[in-house]
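Student: What follows is input_12.cif; its format and atoms are mmCIF, C-alpha atoms.
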```
data_final
loop_
_atom_site.label_atom_id
_atom_site.label_comp_id
_atom_site.auth_asym_id
_atom_site.auth_seq_id
_atom_site.Cartn_x
_atom_site.Cartn_y
_atom_site.Cartn_z
CA MET A 1 0.00 0.00 0.00
CA HIS A 2 1.35 3.43 -0.92
CA ARG A 3 1.85 6.07 1.71
CA SER A 4 -0.76 8.28 0.01
CA ASP A 5 -3.32 5.48 0.39
CA GLU A 6 -2.50 5.22 4.08
CA ASP A 7 -2.94 8.97 4.45
CA THR A 8 -6.30 8.75 2.70
CA HIS A 9 -7.44 5.97 5.07
CA ASP A 10 -6.31 7.99 8.10
CA HIS A 11 -8.00 11.12 6.77
CA THR A 12 -11.25 9.25 6.23
CA ARG A 13 -11.19 7.50 9.59
CA ARG A 14 -10.44 10.76 11.38
CA GLY A 15 -13.36 12.48 9.67
CA VAL A 16 -15.80 9.68 10.49
CA VAL A 17 -14.60 9.69 14.10
CA TYR A 18 -15.22 13.45 14.29
CA ALA A 19 -18.75 12.92 12.93
CA ILE A 20 -19.50 10.05 15.31
CA VAL A 21 -18.25 11.98 18.36
CA ALA A 22 -20.31 14.97 17.21
CA ALA A 23 -23.36 12.71 16.92
CA THR A 24 -22.64 11.25 20.36
CA LEU A 25 -22.46 14.67 22.02
CA PHE A 26 -25.63 15.78 20.26
CA GLY A 27 -27.39 12.51 21.09
CA ILE A 28 -26.64 12.52 24.81
CA SER A 29 -28.16 15.99 25.05
CA ALA A 30 -31.62 14.41 24.63
CA PRO A 31 -31.94 12.65 28.01
CA PHE A 32 -30.35 15.60 29.82
CA SER A 33 -32.80 17.89 28.03
CA LYS A 34 -35.65 15.74 29.31
CA LEU A 35 -34.42 16.34 32.86
CA LEU A 36 -34.10 20.11 32.37
CA LEU A 37 -37.22 20.85 30.30
CA HIS A 38 -39.82 20.22 33.05
CA GLY A 39 -42.86 21.22 30.98
CA GLY A 40 -41.38 24.48 29.71
CA SER A 41 -41.49 25.72 26.13
CA PRO A 42 -39.58 23.33 23.83
CA GLN A 43 -38.78 26.17 21.43
CA LEU A 44 -37.41 28.39 24.20
CA PHE A 45 -35.40 25.44 25.48
CA ALA A 46 -33.95 24.84 22.00
CA GLY A 47 -33.15 28.53 21.67
CA LEU A 48 -31.32 28.55 24.99
CA LEU A 49 -29.30 25.48 24.00
CA TYR A 50 -28.16 27.25 20.83
CA LEU A 51 -27.45 30.44 22.78
CA GLY A 52 -25.38 28.41 25.22
CA SER A 53 -23.49 26.97 22.28
CA GLY A 54 -22.89 30.35 20.68
CA THR A 55 -22.00 32.09 23.94
CA GLY A 56 -19.59 29.37 25.08
CA LEU A 57 -17.85 29.23 21.71
CA THR A 58 -17.64 33.04 21.64
CA LEU A 59 -15.83 33.04 24.98
CA LEU A 60 -13.53 30.28 23.72
CA TRP A 61 -12.83 32.22 20.51
CA LEU A 62 -12.12 35.46 22.40
CA GLY A 63 -9.88 33.67 24.89
CA ARG A 64 -7.92 32.11 22.07
CA ARG A 65 -7.46 35.49 20.40
CA VAL A 66 -6.18 36.99 23.65
CA THR A 67 -3.63 34.20 24.12
CA SER A 68 -2.54 33.73 20.50
CA GLY A 69 -3.31 37.17 19.04
CA SER A 70 -5.05 35.76 15.94
CA SER A 71 -7.66 33.31 14.74
CA THR A 72 -6.55 30.25 12.76
CA ASN A 73 -8.15 30.17 9.30
CA ALA A 74 -10.48 33.05 10.17
CA LEU A 75 -13.52 33.45 7.94
CA THR A 76 -13.16 35.88 5.04
CA ARG A 77 -15.56 37.93 2.94
CA ARG A 78 -15.88 35.18 0.36
CA ASP A 79 -17.18 32.88 3.10
CA VAL A 80 -20.00 35.23 4.08
CA PRO A 81 -22.60 34.23 1.44
CA TRP A 82 -22.13 30.50 2.14
CA LEU A 83 -22.27 30.89 5.91
CA ALA A 84 -25.20 33.31 5.76
CA GLY A 85 -27.09 30.82 3.60
CA ALA A 86 -26.27 28.00 6.03
CA ILE A 87 -27.47 30.03 9.01
CA LEU A 88 -30.66 31.08 7.21
CA ALA A 89 -31.43 27.52 6.12
CA GLY A 90 -30.48 25.62 9.27
CA GLY A 91 -30.84 28.24 11.99
CA VAL A 92 -33.98 30.07 10.86
CA LEU A 93 -36.03 28.24 8.22
CA ALA A 94 -35.54 24.65 9.43
CA PRO A 95 -36.75 25.26 13.02
CA LEU A 96 -39.75 27.25 11.76
CA CYS A 97 -40.73 24.52 9.29
CA LEU A 98 -40.27 21.82 11.91
CA LEU A 99 -42.35 23.57 14.56
CA GLU A 100 -45.16 24.27 12.11
CA GLY A 101 -44.91 20.75 10.73
CA ILE A 102 -44.98 18.80 13.99
CA ALA A 103 -48.01 20.82 15.10
CA ARG A 104 -49.88 19.33 12.13
CA THR A 105 -48.26 15.87 12.04
CA PRO A 106 -48.62 12.84 14.34
CA ALA A 107 -45.45 12.06 16.27
CA SER A 108 -45.01 8.64 14.58
CA THR A 109 -44.98 10.22 11.12
CA ALA A 110 -42.75 13.14 12.12
CA SER A 111 -40.13 10.88 13.72
CA LEU A 112 -39.89 8.80 10.55
CA LEU A 113 -39.66 11.84 8.29
CA LEU A 114 -36.77 13.29 10.29
CA ASN A 115 -34.63 10.36 9.12
CA ILE A 116 -34.48 11.76 5.59
CA GLU A 117 -32.13 14.62 6.50
CA ALA A 118 -29.15 12.42 5.56
CA VAL A 119 -30.78 11.68 2.19
CA PHE A 120 -31.16 15.38 1.42
CA THR A 121 -27.62 16.07 2.63
CA ALA A 122 -26.13 13.38 0.42
CA GLY A 123 -28.39 14.10 -2.55
CA LEU A 124 -27.50 17.80 -2.55
CA ALA A 125 -23.80 16.98 -2.06
CA TRP A 126 -23.73 14.57 -4.99
CA PHE A 127 -26.07 16.17 -7.51
CA VAL A 128 -25.88 19.90 -6.74
CA PHE A 129 -22.54 20.61 -5.02
CA GLY A 130 -20.45 18.16 -7.04
CA GLU A 131 -19.13 15.69 -4.45
CA ARG A 132 -18.08 12.35 -5.91
CA PHE A 133 -20.74 9.66 -5.70
CA HIS A 134 -19.53 6.41 -4.12
CA LYS A 135 -21.80 3.38 -4.06
CA ARG A 136 -20.33 2.13 -0.78
CA ILE A 137 -21.07 5.43 0.96
CA ALA A 138 -24.61 5.41 -0.44
CA ILE A 139 -25.18 1.87 0.86
CA GLY A 140 -23.72 2.78 4.25
CA MET A 141 -25.97 5.83 4.45
CA LEU A 142 -29.08 3.80 3.56
CA VAL A 143 -28.23 1.15 6.16
CA VAL A 144 -27.79 3.81 8.86
CA ILE A 145 -31.09 5.44 7.83
CA ALA A 146 -32.78 2.02 7.92
CA GLY A 147 -31.56 1.71 11.50
CA GLY A 148 -33.08 5.10 12.27
CA VAL A 149 -36.40 4.08 10.74
CA VAL A 150 -36.45 0.87 12.81
CA LEU A 151 -35.62 2.88 15.94
CA SER A 152 -38.35 5.48 15.38
CA TRP A 153 -41.00 3.15 13.95
CA GLY A 154 -44.08 3.22 16.16
CA GLY A 155 -45.99 0.47 14.41
CA ARG A 156 -47.97 2.72 12.12
CA VAL A 157 -47.87 5.93 10.13
CA GLU A 158 -50.86 8.12 10.87
CA SER A 159 -52.45 10.33 8.27
CA SER A 160 -52.97 14.02 9.03
CA GLY A 161 -53.08 15.69 5.63
CA ILE A 162 -50.18 16.69 3.43
CA ALA A 163 -49.22 20.11 4.85
CA GLY A 164 -47.68 18.88 8.10
CA PRO A 165 -45.49 16.13 6.60
CA LEU A 166 -44.36 18.47 3.83
CA LEU A 167 -43.25 21.05 6.40
CA VAL A 168 -41.35 18.42 8.41
CA ALA A 169 -39.69 17.22 5.19
CA ALA A 170 -38.91 20.84 4.31
CA SER A 171 -37.11 21.25 7.65
CA THR A 172 -34.88 18.25 6.87
CA PHE A 173 -34.18 19.67 3.40
CA CYS A 174 -33.14 22.98 5.00
CA TRP A 175 -30.78 21.16 7.38
CA GLY A 176 -29.38 19.17 4.47
CA LEU A 177 -28.76 22.44 2.61
CA ASP A 178 -27.22 23.90 5.77
CA ASN A 179 -24.78 20.95 5.94
CA ASN A 180 -23.68 21.44 2.35
CA LEU A 181 -23.30 25.21 2.60
CA THR A 182 -21.32 24.81 5.82
CA HIS A 183 -19.06 22.37 3.98
CA ARG A 184 -18.14 25.21 1.61
CA VAL A 185 -16.64 27.15 4.55
CA SER A 186 -15.41 24.15 6.59
CA ALA A 187 -11.77 25.08 5.95
CA GLY A 188 -12.39 28.16 8.09
CA ASP A 189 -12.18 28.36 11.87
CA PRO A 190 -14.75 25.82 13.16
CA VAL A 191 -15.12 27.69 16.46
CA GLN A 192 -15.94 30.92 14.63
CA ILE A 193 -18.42 29.09 12.40
CA GLY A 194 -20.04 27.43 15.40
CA LEU A 195 -20.39 30.60 17.45
CA LEU A 196 -22.07 32.47 14.59
CA LYS A 197 -24.51 29.65 13.89
CA GLY A 198 -25.26 29.17 17.58
CA LEU A 199 -25.88 32.86 18.31
CA VAL A 200 -28.15 33.38 15.30
CA ALA A 201 -30.15 30.15 15.70
CA GLY A 202 -30.44 30.75 19.44
CA SER A 203 -31.59 34.35 19.03
CA VAL A 204 -34.21 33.42 16.44
CA ASN A 205 -35.70 30.50 18.38
CA THR A 206 -35.61 32.35 21.72
CA SER A 207 -37.25 35.45 20.24
CA ILE A 208 -40.03 33.42 18.63
CA ALA A 209 -40.66 31.49 21.85
CA LEU A 210 -40.86 34.67 23.92
CA ALA A 211 -43.16 36.27 21.34
CA LEU A 212 -45.47 33.26 21.70
CA GLY A 213 -45.64 33.76 25.45
CA ALA A 214 -42.96 31.44 26.80
CA ALA A 215 -41.68 32.22 30.29
CA TRP A 216 -38.01 32.35 31.25
CA PRO A 217 -36.83 29.42 33.38
CA GLY A 218 -35.34 29.92 36.83
CA ALA A 219 -31.69 30.84 37.24
CA ALA A 220 -30.55 27.27 37.92
CA HIS A 221 -32.38 25.83 34.92
CA LEU A 222 -31.21 28.71 32.71
CA ALA A 223 -27.59 28.03 33.66
CA GLY A 224 -28.07 24.30 33.10
CA ASN A 225 -29.55 24.92 29.64
CA LEU A 226 -26.68 27.18 28.62
CA VAL A 227 -23.99 24.79 29.87
CA LEU A 228 -25.68 21.83 28.18
CA GLY A 229 -25.87 23.84 24.97
CA PHE A 230 -22.18 24.65 25.06
CA VAL A 231 -21.04 21.10 25.85
CA CYS A 232 -23.43 19.11 23.66
CA TYR A 233 -24.30 21.58 20.87
CA GLY A 234 -21.23 23.80 20.66
CA ALA A 235 -18.60 21.06 20.82
CA SER A 236 -20.74 18.88 18.55
CA LEU A 237 -20.96 21.62 15.93
CA VAL A 238 -17.21 22.26 15.96
CA LEU A 239 -16.53 18.54 15.45
CA PHE A 240 -19.21 18.40 12.73
CA VAL A 241 -17.43 21.18 10.82
CA LEU A 242 -14.11 19.33 11.17
CA ALA A 243 -15.80 16.18 9.83
CA LEU A 244 -17.10 18.14 6.84
CA ARG A 245 -13.55 19.32 6.20
CA HIS A 246 -12.20 15.75 6.20
CA ILE A 247 -14.90 13.64 4.52
CA GLY A 248 -17.40 15.96 2.87
CA ALA A 249 -21.10 16.55 3.44
CA ALA A 250 -22.51 13.19 2.27
CA ARG A 251 -20.38 10.96 4.50
CA THR A 252 -20.61 13.36 7.45
CA GLY A 253 -24.39 13.50 7.22
CA ALA A 254 -24.61 9.72 7.04
CA SER A 255 -22.29 9.25 10.04
CA PHE A 256 -24.16 11.87 12.08
CA SER A 257 -27.41 9.96 11.52
CA ILE A 258 -26.54 7.72 14.46
CA ALA A 259 -27.43 10.59 16.84
CA PRO A 260 -31.00 9.31 17.50
CA PHE A 261 -29.57 5.88 18.39
CA ILE A 262 -27.11 7.50 20.81
CA ALA A 263 -30.00 9.46 22.36
CA THR A 264 -32.02 6.29 22.84
CA ALA A 265 -29.04 4.39 24.28
CA ALA A 266 -28.28 7.20 26.72
CA SER A 267 -31.92 7.32 27.79
CA LEU A 268 -31.93 3.57 28.43
CA VAL A 269 -28.91 3.96 30.71
CA MET A 270 -30.03 7.11 32.52
CA PHE A 271 -33.64 6.07 33.07
CA ARG A 272 -32.88 2.34 33.52
CA GLU A 273 -35.19 1.26 30.75
CA ARG A 274 -35.02 -2.13 29.08
CA PRO A 275 -33.79 -2.19 25.47
CA THR A 276 -36.35 -3.30 22.92
CA VAL A 277 -36.00 -5.63 19.95
CA ALA A 278 -36.17 -2.54 17.71
CA PHE A 279 -33.23 -1.02 19.58
CA GLY A 280 -31.13 -4.16 19.02
CA ALA A 281 -32.02 -4.28 15.32
CA ALA A 282 -31.22 -0.57 14.93
CA ALA A 283 -27.88 -1.07 16.69
CA ALA A 284 -26.93 -3.86 14.29
CA LEU A 285 -27.92 -1.88 11.20
CA MET A 286 -26.12 1.26 12.32
CA ALA A 287 -22.98 -0.70 13.20
CA ILE A 288 -22.94 -2.14 9.68
CA GLY A 289 -23.55 1.27 8.14
CA VAL A 290 -20.80 2.96 10.14
CA TRP A 291 -18.40 0.12 9.26
CA LEU A 292 -19.11 0.71 5.57
CA LEU A 293 -18.42 4.43 6.00
CA VAL A 294 -15.24 3.97 8.04
CA THR A 295 -13.72 1.33 5.77
CA ASP A 296 -14.39 3.16 2.50
CA SER A 297 -10.93 4.10 1.20
CA ARG A 298 -11.89 6.61 -1.48
CA PRO A 299 -11.51 10.30 -0.61
CA ALA A 300 -14.33 12.81 -0.74
CA ASP A 301 -14.05 15.69 -3.18
CA LEU A 302 -12.20 18.11 -0.92
CA THR A 303 -10.47 20.18 -3.61
CA ARG A 304 -12.11 23.45 -2.58
CA THR A 305 -11.28 22.86 1.07
CA ALA A 306 -7.65 22.07 0.28
CA ASP A 307 -7.38 25.18 -1.88
CA ARG A 308 -8.76 27.33 0.93
CA VAL A 309 -6.30 25.91 3.48
CA ALA A 310 -3.42 26.48 1.07
CA GLN A 311 -4.48 30.09 0.51
CA ASP A 312 -4.75 30.74 4.25
#
```
As structure tokens, please, write out the structure in this file.
Tutor:
Amino acid sequence: MHRSDEDTHDHTRRGVVYAIVAATLFGISAPFSKLLLHGGSPQLFAGLLYLGSGTGLTLLWLGRRVTSGSSTNALTRRDVPWLAGAILAGGVLAPLCLLEGIARTPASTASLLLNIEAVFTAGLAWFVFGERFHKRIAIGMLVVIAGGVVLSWGGRVESSGIAGPLLVAASTFCWGLDNNLTHRVSAGDPVQIGLLKGLVAGSVNTSIALALGAAWPGAAHLAGNLVLGFVCYGASLVLFVLALRHIGAARTGASFSIAPFIATAASLVMFRERPTVAFGAAAALMAIGVWLLVTDSRPADLTRTADRVAQD
């Protein structure tokens, strides 16, 4: 095996590991969120998590600038349109579509539809943004998604009209677009990218929740929400950007699709619940899918990212 092939394998494995750790951090936020929510407004809670992410990353970014005097691979003017589009799609439009959609859609249907985010991410990456299509990655993605469907399957899909499901699907499309647009700036400082996305998404969701009459939580719960947001959302987003840099949007989106499984596994441990047959089947499918993604030796199309790093 040539040295370049070994480097490619290492590059790929590192990127998949970043994506899996990002999914793990994001997934374990679910059971902790259940403990902190206590009947409050879900949208306000989501907004505070994103604000915690953005605030924590801002402090980290400022501290790094004080100690080092500069920001590594700082974002430039040419990054602004891509990042602005990503923030609009994933931080503003996606939450709005999801909230409107789940209000009109039974939970069983909504949970199944949320699994298609990876499909939109990969489809846009391959057919719009020009990433190379690899059959092995596509199979791995489909196997991981199948695991997600098994995990979220409630035994039936209820009908509620077309508007609600279309809005839920639109939210996953917006997040898929967000992933691809963020990939275009993933050579930039991931902390800077994360803080901007967190602050904007947090401000939008918090403002909407307050406008709808949500009440602020107590000081202890507010602090807990912000810390959870920084640890599980902020760190997860930074690692997600690094994964995009290494393996592209399609493979990152597929790897990150294990987040619902991580959330379920963490809930089983924290709340001492017994695993179901569906959980075991989902675990097997996702393990196979992740193995396919990790062992794929072909590089993603990272030419633009490499060019950006070279220029910086």
Student: For each of A:Gly176, A:Gly194, A:Gly47, A:Pro275, take the minimum atom-to-atom distance to Phe256 (chain A), counting only C-alpha atoms, then give the residue where this is smallest.
Tutor: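 Looking at the shortest contact to Phe256 (chain A), the residue is A:Gly176.
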Student: Just how far from CA of Val204 (chain A) is CA of Ser111 (chain A), in Å to one decimal?
Tutor: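 Going from CA of Ser111 (chain A) over to CA of Val204 (chain A) covers 23.5 Å.
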Student: At a cut-off of 9 Å, using all atoms listed in the file, what residues contact region 258-270 of chain A? Leave out same-chain residues fewer than 2 positions from it and give the result as number ranges by chain.
Tutor: A: 20, 22-32, 144-145, 147-148, 151-152, 254-256, 272-275, 279, 282-283, 286, 290
Student: Convert the current residue selection to file output with C-alpha atoms, as a short mmCIF file (atom, residue, chain, number, x, y, z; two decimals), in the coordinates of the input.
Tutor:
```cif
data_model
loop_
_atom_site.label_atom_id
_atom_site.label_comp_id
_atom_site.auth_asym_id
_atom_site.auth_seq_id
_atom_site.Cartn_x
_atom_site.Cartn_y
_atom_site.Cartn_z
CA ILE A 20 -19.50 10.05 15.31
CA ALA A 22 -20.31 14.97 17.21
CA ALA A 23 -23.36 12.71 16.92
CA THR A 24 -22.64 11.25 20.36
CA LEU A 25 -22.46 14.67 22.02
CA PHE A 26 -25.63 15.78 20.26
CA GLY A 27 -27.39 12.51 21.09
CA ILE A 28 -26.64 12.52 24.81
CA SER A 29 -28.16 15.99 25.05
CA ALA A 30 -31.62 14.41 24.63
CA PRO A 31 -31.94 12.65 28.01
CA PHE A 32 -30.35 15.60 29.82
CA VAL A 144 -27.79 3.81 8.86
CA ILE A 145 -31.09 5.44 7.83
CA GLY A 147 -31.56 1.71 11.50
CA GLY A 148 -33.08 5.10 12.27
CA LEU A 151 -35.62 2.88 15.94
CA SER A 152 -38.35 5.48 15.38
CA ALA A 254 -24.61 9.72 7.04
CA SER A 255 -22.29 9.25 10.04
CA PHE A 256 -24.16 11.87 12.08
CA ARG A 272 -32.88 2.34 33.52
CA GLU A 273 -35.19 1.26 30.75
CA ARG A 274 -35.02 -2.13 29.08
CA PRO A 275 -33.79 -2.19 25.47
CA PHE A 279 -33.23 -1.02 19.58
CA ALA A 282 -31.22 -0.57 14.93
CA ALA A 283 -27.88 -1.07 16.69
CA MET A 286 -26.12 1.26 12.32
CA VAL A 290 -20.80 2.96 10.14
#
```
Student: Using Å and a single decimal, report how far CA of Gly188 (chain A) sits from CA of Ser207 (chain A).
Tutor: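 Atom-to-atom, CA of Ser207 (chain A) and CA of Gly188 (chain A) are spaced 28.6 Å apart.
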Student: Could you state the separation of CA of Gly253 (chain A) and CA of Phe120 (chain A) in Å, given to one decimal place?
Tutor: 9.1 Å
Student: Would you mind telling me which residue in A:Pro106, A:Pro95, A:Gly234, A:Pro81 lies nearest to Lys197 (chain A) when using all atoms listed in the file?
Tutor: A:Gly234
Student: Applying 12 Å and all atoms listed in the file, which residues near Pro190 (chain A) remain after dropping the ones on its own chain fewer than 5 positions away? List them as a ChimeraX atom specification.
Tutor: /A:54,57-58,60-61,71-75,83,182-183,185,195-198,234-245
Student: Can you work out which one of A:Gly130, A:Pro165, A:Gly224, A:Gly123 has the shortest atom-to-atom distance to Ala250 (chain A), counting all atoms listed in the file?
Tutor: A:Gly123
Student: Could you tell me which of A:Ala107, A:Ala219, A:Val92, A:Val143 comes closest to Asp178 (chain A) if we count all atoms listed in the file?
Tutor: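 The shortest atom-to-atom distance to Asp178 (chain A) comes from A:Val92.
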Student: Could you list the residues chosen by the PyMOL selection byres ((chain A and resi 97-105) around 7) in this structure as a PyMOL selection string?
Tutor: chain A and resi 93-96+106-107+109-110+160+164-165+167-168+170-171
Student: Please, which residues are within 9 Å of (-28.7, 27.9, 22.3) by the file's coordinates, counting only C-alpha atoms, and could they come as a list in words?
Tutor: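 Output: Leu44, Phe45, Ala46, Gly47, Leu48, Leu49, Tyr50, Leu51, Gly52, Ser53, Gly54, Thr55, Gly198, Leu199, Val200, Ala201, Gly202, Ser203, Asn205, Thr206, Asn225, Leu226, Leu228, Gly229, Phe230, Tyr233 and Gly234 of chain A.
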Student: Could you name the residues that touch Lys135 (chain A) at 12 Å or less, counting all atoms listed in the file, but leaving out those on the same chain fewer than 3 positions away, as an mmCIF file with C-alpha atoms, in the frame of the given file?
Tutor:
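Listing of selection22.cif after writing:
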```cif
data_model
loop_
_atom_site.group_PDB
_atom_site.id
_atom_site.type_symbol
_atom_site.label_atom_id
_atom_site.label_comp_id
_atom_site.auth_asym_id
_atom_site.auth_seq_id
_atom_site.Cartn_x
_atom_site.Cartn_y
_atom_site.Cartn_z
ATOM 1 C CA ALA A 122 -26.130 13.380 0.420
ATOM 2 C CA TRP A 126 -23.730 14.570 -4.990
ATOM 3 C CA ARG A 132 -18.080 12.350 -5.910
ATOM 4 C CA ALA A 138 -24.610 5.410 -0.440
ATOM 5 C CA ILE A 139 -25.180 1.870 0.860
ATOM 6 C CA GLY A 140 -23.720 2.780 4.250
ATOM 7 C CA MET A 141 -25.970 5.830 4.450
ATOM 8 C CA LEU A 142 -29.080 3.800 3.560
ATOM 9 C CA ALA A 250 -22.510 13.190 2.270
ATOM 10 C CA ARG A 251 -20.380 10.960 4.500
ATOM 11 C CA LEU A 292 -19.110 0.710 5.570
ATOM 12 C CA LEU A 293 -18.420 4.430 6.000
ATOM 13 C CA ASP A 296 -14.390 3.160 2.500
ATOM 14 C CA ARG A 298 -11.890 6.610 -1.480
#
```
Student: Since fewer atoms than expected are present, regenerate all heavy atoms for region 218-226 of chain A and write them as a short mmCIF file (atom, residue, chain, number, x, y, z; two decimals), in the frame of the given file.
Tutor:
```
data_model
loop_
_atom_site.label_atom_id
_atom_site.label_comp_id
_atom_site.auth_asym_id
_atom_site.auth_seq_id
_atom_site.Cartn_x
_atom_site.Cartn_y
_atom_site.Cartn_z
N GLY A 218 -36.07 29.40 35.69
CA GLY A 218 -35.34 29.92 36.83
C GLY A 218 -33.85 29.95 36.55
O GLY A 218 -33.35 29.39 35.57
N ALA A 219 -33.12 30.63 37.45
CA ALA A 219 -31.69 30.84 37.24
C ALA A 219 -30.93 29.52 37.11
O ALA A 219 -30.06 29.36 36.24
CB ALA A 219 -31.12 31.67 38.38
N ALA A 220 -31.26 28.55 37.96
CA ALA A 220 -30.55 27.27 37.92
C ALA A 220 -30.80 26.54 36.62
O ALA A 220 -29.86 26.00 36.00
CB ALA A 220 -30.97 26.40 39.11
N HIS A 221 -32.06 26.51 36.18
CA HIS A 221 -32.38 25.83 34.92
C HIS A 221 -31.80 26.58 33.73
O HIS A 221 -31.35 25.96 32.76
CB HIS A 221 -33.90 25.69 34.77
CG HIS A 221 -34.47 24.55 35.53
ND1 HIS A 221 -34.98 24.68 36.79
CD2 HIS A 221 -34.58 23.23 35.21
CE1 HIS A 221 -35.39 23.52 37.23
NE2 HIS A 221 -35.16 22.61 36.30
N LEU A 222 -31.79 27.93 33.80
CA LEU A 222 -31.21 28.71 32.71
C LEU A 222 -29.72 28.40 32.57
O LEU A 222 -29.23 28.17 31.46
CB LEU A 222 -31.41 30.20 32.99
CG LEU A 222 -30.79 31.17 31.97
CD1 LEU A 222 -31.38 30.95 30.59
CD2 LEU A 222 -31.00 32.62 32.43
N ALA A 223 -29.02 28.35 33.70
CA ALA A 223 -27.59 28.03 33.66
C ALA A 223 -27.36 26.62 33.13
O ALA A 223 -26.45 26.38 32.33
CB ALA A 223 -26.98 28.17 35.06
N GLY A 224 -28.20 25.68 33.58
CA GLY A 224 -28.07 24.30 33.10
C GLY A 224 -28.29 24.20 31.61
O GLY A 224 -27.56 23.47 30.91
N ASN A 225 -29.28 24.93 31.08
CA ASN A 225 -29.55 24.92 29.64
C ASN A 225 -28.36 25.45 28.85
O ASN A 225 -27.96 24.88 27.83
CB ASN A 225 -30.79 25.78 29.33
CG ASN A 225 -32.06 25.21 29.90
OD1 ASN A 225 -32.11 24.05 30.32
ND2 ASN A 225 -33.10 26.03 29.95
N LEU A 226 -27.79 26.56 29.34
CA LEU A 226 -26.68 27.18 28.62
C LEU A 226 -25.44 26.29 28.63
O LEU A 226 -24.75 26.15 27.61
CB LEU A 226 -26.36 28.55 29.23
CG LEU A 226 -27.47 29.61 29.09
CD1 LEU A 226 -27.07 30.88 29.83
CD2 LEU A 226 -27.76 29.92 27.62
#
```
